[in-house]
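Source file entry_38.cif; content: mmCIF, N, CA, C and O atoms, pLDDT in the B column; chains and numbers go by the auth columns.
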```
data_coords
loop_
_atom_site.group_PDB
_atom_site.id
_atom_site.type_symbol
_atom_site.label_atom_id
_atom_site.label_comp_id
_atom_site.label_asym_id
_atom_site.label_seq_id
_atom_site.Cartn_x
_atom_site.Cartn_y
_atom_site.Cartn_z
_atom_site.B_iso_or_equiv
_atom_site.auth_seq_id
_atom_site.auth_asym_id
ATOM 1 N N MET A 1 115.318 95.132 104.505 62.00 1339 J
ATOM 2 C CA MET A 1 115.927 93.846 104.794 62.00 1339 J
ATOM 3 C C MET A 1 117.433 94.004 104.620 62.00 1339 J
ATOM 4 O O MET A 1 117.901 94.467 103.586 62.00 1339 J
ATOM 5 N N GLU A 2 118.177 93.611 105.638 76.00 1340 J
ATOM 6 C CA GLU A 2 119.619 93.801 105.623 76.00 1340 J
ATOM 7 C C GLU A 2 120.342 92.912 104.611 76.00 1340 J
ATOM 8 O O GLU A 2 121.331 93.328 104.024 76.00 1340 J
ATOM 9 N N ASN A 3 119.868 91.687 104.427 82.00 1341 J
ATOM 10 C CA ASN A 3 120.547 90.745 103.542 82.00 1341 J
ATOM 11 C C ASN A 3 119.521 90.053 102.659 82.00 1341 J
ATOM 12 O O ASN A 3 119.171 88.900 102.901 82.00 1341 J
ATOM 13 N N PRO A 4 119.054 90.731 101.599 73.00 1342 J
ATOM 14 C CA PRO A 4 117.990 90.156 100.780 73.00 1342 J
ATOM 15 C C PRO A 4 118.400 88.900 100.008 73.00 1342 J
ATOM 16 O O PRO A 4 117.549 88.144 99.575 73.00 1342 J
ATOM 17 N N ASP A 5 119.692 88.684 99.867 89.00 1343 J
ATOM 18 C CA ASP A 5 120.149 87.495 99.142 89.00 1343 J
ATOM 19 C C ASP A 5 120.400 86.298 100.053 89.00 1343 J
ATOM 20 O O ASP A 5 120.837 85.248 99.595 89.00 1343 J
ATOM 21 N N LEU A 6 120.093 86.462 101.336 94.00 1344 J
ATOM 22 C CA LEU A 6 120.243 85.354 102.282 94.00 1344 J
ATOM 23 C C LEU A 6 119.382 84.189 101.828 94.00 1344 J
ATOM 24 O O LEU A 6 118.226 84.361 101.455 94.00 1344 J
ATOM 25 N N GLU A 7 119.937 82.996 101.824 95.00 1345 J
ATOM 26 C CA GLU A 7 119.193 81.813 101.412 95.00 1345 J
ATOM 27 C C GLU A 7 118.740 81.031 102.644 95.00 1345 J
ATOM 28 O O GLU A 7 119.489 80.856 103.594 95.00 1345 J
ATOM 29 N N VAL A 8 117.485 80.587 102.583 93.00 1346 J
ATOM 30 C CA VAL A 8 116.882 79.847 103.688 93.00 1346 J
ATOM 31 C C VAL A 8 116.514 78.459 103.170 93.00 1346 J
ATOM 32 O O VAL A 8 115.991 78.327 102.065 93.00 1346 J
ATOM 33 N N HIS A 9 116.788 77.447 103.972 95.00 1347 J
ATOM 34 C CA HIS A 9 116.412 76.083 103.616 95.00 1347 J
ATOM 35 C C HIS A 9 115.018 75.809 104.176 95.00 1347 J
ATOM 36 O O HIS A 9 114.804 75.893 105.383 95.00 1347 J
ATOM 37 N N VAL A 10 114.087 75.488 103.301 92.00 1348 J
ATOM 38 C CA VAL A 10 112.696 75.269 103.685 92.00 1348 J
ATOM 39 C C VAL A 10 112.357 73.795 103.488 92.00 1348 J
ATOM 40 O O VAL A 10 112.603 73.238 102.417 92.00 1348 J
ATOM 41 N N VAL A 11 111.786 73.175 104.526 94.00 1349 J
ATOM 42 C CA VAL A 11 111.368 71.780 104.441 94.00 1349 J
ATOM 43 C C VAL A 11 109.907 71.758 104.010 94.00 1349 J
ATOM 44 O O VAL A 11 109.041 72.329 104.668 94.00 1349 J
ATOM 45 N N ASP A 12 109.635 71.132 102.874 91.00 1350 J
ATOM 46 C CA ASP A 12 108.282 71.041 102.338 91.00 1350 J
ATOM 47 C C ASP A 12 107.494 69.942 103.035 91.00 1350 J
ATOM 48 O O ASP A 12 108.043 69.154 103.819 91.00 1350 J
ATOM 49 N N HIS A 13 106.192 69.875 102.726 93.00 1351 J
ATOM 50 C CA HIS A 13 105.308 68.888 103.351 93.00 1351 J
ATOM 51 C C HIS A 13 105.740 67.448 103.069 93.00 1351 J
ATOM 52 O O HIS A 13 105.423 66.545 103.810 93.00 1351 J
ATOM 53 N N ASP A 14 106.486 67.247 101.980 96.00 1352 J
ATOM 54 C CA ASP A 14 106.948 65.892 101.651 96.00 1352 J
ATOM 55 C C ASP A 14 108.388 65.642 102.122 96.00 1352 J
ATOM 56 O O ASP A 14 109.051 64.725 101.674 96.00 1352 J
ATOM 57 N N ASP A 15 108.851 66.480 103.054 95.00 1353 J
ATOM 58 C CA ASP A 15 110.188 66.396 103.653 95.00 1353 J
ATOM 59 C C ASP A 15 111.329 66.704 102.694 95.00 1353 J
ATOM 60 O O ASP A 15 112.489 66.479 103.019 95.00 1353 J
ATOM 61 N N SER A 16 111.023 67.221 101.507 97.00 1354 J
ATOM 62 C CA SER A 16 112.090 67.661 100.625 97.00 1354 J
ATOM 63 C C SER A 16 112.523 69.058 101.048 97.00 1354 J
ATOM 64 O O SER A 16 111.761 69.822 101.636 97.00 1354 J
ATOM 65 N N VAL A 17 113.773 69.392 100.783 96.00 1355 J
ATOM 66 C CA VAL A 17 114.324 70.682 101.185 96.00 1355 J
ATOM 67 C C VAL A 17 114.512 71.546 99.947 96.00 1355 J
ATOM 68 O O VAL A 17 115.050 71.097 98.943 96.00 1355 J
ATOM 69 N N THR A 18 114.040 72.785 100.059 95.00 1356 J
ATOM 70 C CA THR A 18 114.168 73.745 98.976 95.00 1356 J
ATOM 71 C C THR A 18 114.922 74.954 99.506 95.00 1356 J
ATOM 72 O O THR A 18 114.701 75.380 100.636 95.00 1356 J
ATOM 73 N N VAL A 19 115.808 75.498 98.702 96.00 1357 J
ATOM 74 C CA VAL A 19 116.538 76.703 99.078 96.00 1357 J
ATOM 75 C C VAL A 19 115.824 77.897 98.444 96.00 1357 J
ATOM 76 O O VAL A 19 115.576 77.919 97.245 96.00 1357 J
ATOM 77 N N VAL A 20 115.458 78.868 99.293 94.00 1358 J
ATOM 78 C CA VAL A 20 114.705 80.034 98.836 94.00 1358 J
ATOM 79 C C VAL A 20 115.374 81.288 99.390 94.00 1358 J
ATOM 80 O O VAL A 20 115.874 81.278 100.523 94.00 1358 J
ATOM 81 N N ARG A 21 115.362 82.357 98.601 95.00 1359 J
ATOM 82 C CA ARG A 21 115.899 83.625 99.090 95.00 1359 J
ATOM 83 C C ARG A 21 114.954 84.205 100.142 95.00 1359 J
ATOM 84 O O ARG A 21 113.736 84.146 100.003 95.00 1359 J
ATOM 85 N N ALA A 22 115.515 84.762 101.194 91.00 1360 J
ATOM 86 C CA ALA A 22 114.719 85.356 102.264 91.00 1360 J
ATOM 87 C C ALA A 22 113.824 86.463 101.715 91.00 1360 J
ATOM 88 O O ALA A 22 112.667 86.596 102.126 91.00 1360 J
ATOM 89 N N ALA A 23 114.318 87.238 100.772 92.00 1361 J
ATOM 90 C CA ALA A 23 113.521 88.313 100.184 92.00 1361 J
ATOM 91 C C ALA A 23 112.284 87.760 99.478 92.00 1361 J
ATOM 92 O O ALA A 23 111.207 88.355 99.530 92.00 1361 J
ATOM 93 N N ASP A 24 112.431 86.604 98.840 94.00 1362 J
ATOM 94 C CA ASP A 24 111.287 85.987 98.153 94.00 1362 J
ATOM 95 C C ASP A 24 110.256 85.483 99.164 94.00 1362 J
ATOM 96 O O ASP A 24 109.050 85.602 98.946 94.00 1362 J
ATOM 97 N N LEU A 25 110.726 84.911 100.273 92.00 1363 J
ATOM 98 C CA LEU A 25 109.810 84.457 101.317 92.00 1363 J
ATOM 99 C C LEU A 25 109.044 85.634 101.913 92.00 1363 J
ATOM 100 O O LEU A 25 107.834 85.557 102.128 92.00 1363 J
ATOM 101 N N LEU A 26 109.751 86.736 102.152 92.00 1364 J
ATOM 102 C CA LEU A 26 109.111 87.920 102.710 92.00 1364 J
ATOM 103 C C LEU A 26 108.087 88.497 101.739 92.00 1364 J
ATOM 104 O O LEU A 26 106.974 88.861 102.138 92.00 1364 J
ATOM 105 N N ALA A 27 108.423 88.549 100.463 95.00 1365 J
ATOM 106 C CA ALA A 27 107.495 89.063 99.452 95.00 1365 J
ATOM 107 C C ALA A 27 106.239 88.194 99.389 95.00 1365 J
ATOM 108 O O ALA A 27 105.116 88.716 99.305 95.00 1365 J
ATOM 109 N N GLN A 28 106.394 86.886 99.447 95.00 1366 J
ATOM 110 C CA GLN A 28 105.240 85.983 99.417 95.00 1366 J
ATOM 111 C C GLN A 28 104.396 86.144 100.671 95.00 1366 J
ATOM 112 O O GLN A 28 103.167 86.143 100.615 95.00 1366 J
ATOM 113 N N ALA A 29 105.042 86.293 101.823 96.00 1367 J
ATOM 114 C CA ALA A 29 104.309 86.490 103.075 96.00 1367 J
ATOM 115 C C ALA A 29 103.502 87.783 103.023 96.00 1367 J
ATOM 116 O O ALA A 29 102.338 87.811 103.440 96.00 1367 J
ATOM 117 N N ASN A 30 104.092 88.847 102.495 97.00 1368 J
ATOM 118 C CA ASN A 30 103.373 90.120 102.375 97.00 1368 J
ATOM 119 C C ASN A 30 102.187 89.999 101.425 97.00 1368 J
ATOM 120 O O ASN A 30 101.112 90.546 101.687 97.00 1368 J
ATOM 121 N N LYS A 31 102.370 89.258 100.341 97.00 1369 J
ATOM 122 C CA LYS A 31 101.278 89.034 99.391 97.00 1369 J
ATOM 123 C C LYS A 31 100.159 88.230 100.056 97.00 1369 J
ATOM 124 O O LYS A 31 98.972 88.536 99.880 97.00 1369 J
ATOM 125 N N ASP A 32 100.527 87.208 100.838 97.00 1370 J
ATOM 126 C CA ASP A 32 99.537 86.394 101.540 97.00 1370 J
ATOM 127 C C ASP A 32 98.745 87.229 102.544 97.00 1370 J
ATOM 128 O O ASP A 32 97.524 87.046 102.698 97.00 1370 J
ATOM 129 N N VAL A 33 99.409 88.165 103.218 97.00 1371 J
ATOM 130 C CA VAL A 33 98.731 89.041 104.176 97.00 1371 J
ATOM 131 C C VAL A 33 97.716 89.918 103.451 97.00 1371 J
ATOM 132 O O VAL A 33 96.574 90.075 103.899 97.00 1371 J
ATOM 133 N N GLU A 34 98.110 90.497 102.329 95.00 1372 J
ATOM 134 C CA GLU A 34 97.190 91.345 101.562 95.00 1372 J
ATOM 135 C C GLU A 34 95.988 90.548 101.060 95.00 1372 J
ATOM 136 O O GLU A 34 94.862 91.025 101.091 95.00 1372 J
ATOM 137 N N ASN A 35 96.234 89.323 100.607 95.00 1373 J
ATOM 138 C CA ASN A 35 95.126 88.462 100.156 95.00 1373 J
ATOM 139 C C ASN A 35 94.183 88.131 101.310 95.00 1373 J
ATOM 140 O O ASN A 35 92.960 88.116 101.139 95.00 1373 J
ATOM 141 N N ALA A 36 94.742 87.878 102.490 95.00 1374 J
ATOM 142 C CA ALA A 36 93.917 87.566 103.653 95.00 1374 J
ATOM 143 C C ALA A 36 93.066 88.770 104.058 95.00 1374 J
ATOM 144 O O ALA A 36 91.891 88.624 104.400 95.00 1374 J
ATOM 145 N N LYS A 37 93.647 89.966 103.995 93.00 1375 J
ATOM 146 C CA LYS A 37 92.889 91.182 104.312 93.00 1375 J
ATOM 147 C C LYS A 37 91.742 91.359 103.320 93.00 1375 J
ATOM 148 O O LYS A 37 90.623 91.715 103.708 93.00 1375 J
ATOM 149 N N HIS A 38 92.028 91.108 102.060 92.00 1376 J
ATOM 150 C CA HIS A 38 90.993 91.228 101.022 92.00 1376 J
ATOM 151 C C HIS A 38 89.880 90.221 101.275 92.00 1376 J
ATOM 152 O O HIS A 38 88.693 90.558 101.219 92.00 1376 J
ATOM 153 N N ASP A 39 90.252 88.976 101.553 92.00 1377 J
ATOM 154 C CA ASP A 39 89.259 87.933 101.817 92.00 1377 J
ATOM 155 C C ASP A 39 88.414 88.270 103.047 92.00 1377 J
ATOM 156 O O ASP A 39 87.199 88.029 103.061 92.00 1377 J
ATOM 157 N N ALA A 40 89.038 88.831 104.075 91.00 1378 J
ATOM 158 C CA ALA A 40 88.298 89.206 105.280 91.00 1378 J
ATOM 159 C C ALA A 40 87.270 90.275 104.957 91.00 1378 J
ATOM 160 O O ALA A 40 86.146 90.245 105.473 91.00 1378 J
ATOM 161 N N GLY A 41 87.643 91.211 104.101 90.00 1379 J
ATOM 162 C CA GLY A 41 86.698 92.248 103.686 90.00 1379 J
ATOM 163 C C GLY A 41 85.518 91.656 102.940 90.00 1379 J
ATOM 164 O O GLY A 41 84.371 92.070 103.145 90.00 1379 J
ATOM 165 N N LEU A 42 85.776 90.694 102.087 92.00 1380 J
ATOM 166 C CA LEU A 42 84.692 90.036 101.355 92.00 1380 J
ATOM 167 C C LEU A 42 83.783 89.260 102.300 92.00 1380 J
ATOM 168 O O LEU A 42 82.569 89.223 102.114 92.00 1380 J
ATOM 169 N N PHE A 43 84.379 88.648 103.317 89.00 1381 J
ATOM 170 C CA PHE A 43 83.590 87.919 104.302 89.00 1381 J
ATOM 171 C C PHE A 43 82.652 88.876 105.038 89.00 1381 J
ATOM 172 O O PHE A 43 81.479 88.581 105.246 89.00 1381 J
ATOM 173 N N ASP A 44 83.172 90.048 105.402 88.00 1382 J
ATOM 174 C CA ASP A 44 82.335 91.052 106.072 88.00 1382 J
ATOM 175 C C ASP A 44 81.167 91.471 105.185 88.00 1382 J
ATOM 176 O O ASP A 44 80.035 91.610 105.659 88.00 1382 J
ATOM 177 N N VAL A 45 81.421 91.676 103.904 89.00 1383 J
ATOM 178 C CA VAL A 45 80.363 92.055 102.969 89.00 1383 J
ATOM 179 C C VAL A 45 79.304 90.953 102.891 89.00 1383 J
ATOM 180 O O VAL A 45 78.103 91.225 102.929 89.00 1383 J
ATOM 181 N N ALA A 46 79.750 89.712 102.805 90.00 1384 J
ATOM 182 C CA ALA A 46 78.814 88.590 102.701 90.00 1384 J
ATOM 183 C C ALA A 46 77.951 88.477 103.958 90.00 1384 J
ATOM 184 O O ALA A 46 76.738 88.260 103.872 90.00 1384 J
ATOM 185 N N VAL A 47 78.554 88.624 105.121 90.00 1385 J
ATOM 186 C CA VAL A 47 77.803 88.532 106.379 90.00 1385 J
ATOM 187 C C VAL A 47 76.786 89.661 106.457 90.00 1385 J
ATOM 188 O O VAL A 47 75.631 89.431 106.815 90.00 1385 J
ATOM 189 N N ASN A 48 77.212 90.881 106.125 89.00 1386 J
ATOM 190 C CA ASN A 48 76.287 92.008 106.172 89.00 1386 J
ATOM 191 C C ASN A 48 75.144 91.831 105.180 89.00 1386 J
ATOM 192 O O ASN A 48 74.007 92.185 105.477 89.00 1386 J
ATOM 193 N N CYS A 49 75.432 91.300 104.040 90.00 1387 J
ATOM 194 C CA CYS A 49 74.386 91.032 103.042 90.00 1387 J
ATOM 195 C C CYS A 49 73.407 89.988 103.580 90.00 1387 J
ATOM 196 O O CYS A 49 72.197 90.159 103.497 90.00 1387 J
ATOM 197 N N PHE A 50 73.948 88.922 104.150 90.00 1388 J
ATOM 198 C CA PHE A 50 73.108 87.859 104.702 90.00 1388 J
ATOM 199 C C PHE A 50 72.217 88.392 105.819 90.00 1388 J
ATOM 200 O O PHE A 50 71.053 88.001 105.934 90.00 1388 J
ATOM 201 N N LEU A 51 72.762 89.294 106.617 90.00 1389 J
ATOM 202 C CA LEU A 51 71.996 89.853 107.733 90.00 1389 J
ATOM 203 C C LEU A 51 71.092 91.008 107.317 90.00 1389 J
ATOM 204 O O LEU A 51 70.392 91.571 108.145 90.00 1389 J
ATOM 205 N N GLY A 52 71.140 91.350 106.042 88.00 1390 J
ATOM 206 C CA GLY A 52 70.276 92.390 105.525 88.00 1390 J
ATOM 207 C C GLY A 52 70.731 93.803 105.816 88.00 1390 J
ATOM 208 O O GLY A 52 69.948 94.742 105.791 88.00 1390 J
ATOM 209 N N ARG A 53 72.024 93.958 106.072 75.00 1391 J
ATOM 210 C CA ARG A 53 72.572 95.284 106.374 75.00 1391 J
ATOM 211 C C ARG A 53 73.207 95.956 105.173 75.00 1391 J
ATOM 212 O O ARG A 53 73.702 97.047 105.283 75.00 1391 J
ATOM 213 N N ALA A 54 73.232 95.307 104.061 58.00 1392 J
ATOM 214 C CA ALA A 54 73.939 95.873 102.901 58.00 1392 J
ATOM 215 C C ALA A 54 73.038 96.768 102.078 58.00 1392 J
ATOM 216 O O ALA A 54 71.868 96.743 102.093 58.00 1392 J
#
```
Have the structure of the file written as structure tokens, please.
Amino acid sequence: MENPDLEVHVVDHDDSVTVVRAADLLAQANKDVENAKHDAGLFDVAVNCFLGRA
């Protein structure tokens, strides 16, 4: 990231504005992606178990 200290104004669901560092947003997005990949893997395990393939 070229400018990790860049600040971004984020509008929340209640229309309030929060200032967040771009690096923090990117780190959270990467964490969310990893969590989604993990959850998808668990979903595959559950489906295979339900179908009797486990």
- Task: Tell me which protein, DNA and RNA residues are within 8 Å of Val1357 in chain J, counting all atoms listed in the file, leaving out same-chain ones fewer than 5 positions away, and put them as a list in words.
- Result: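 The contact residues come out as Leu1344, Glu1345, Val1346, His1347, Val1348 and Val1349 of chain J.
Put simply, atom C of Pro1342 in chain J is 6.5 Å away from atom N of Asp1362 in chain J.
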- Message: Quick check, in Å to one decimal: how far apart do CA of Asn1341 in chain J and CA of Gln1366 in chain J lie?
- Response: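 Interatomic distance here is 16.6 Å.
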- Check chain J with DSSP on the backbone and list each residue it calls strand (DSSP E), as a count of residues only. 10
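Rounded to one decimal, atom C of His1376 in chain J and atom N of Gly1390 in chain J lie 19.4 Å from each other.
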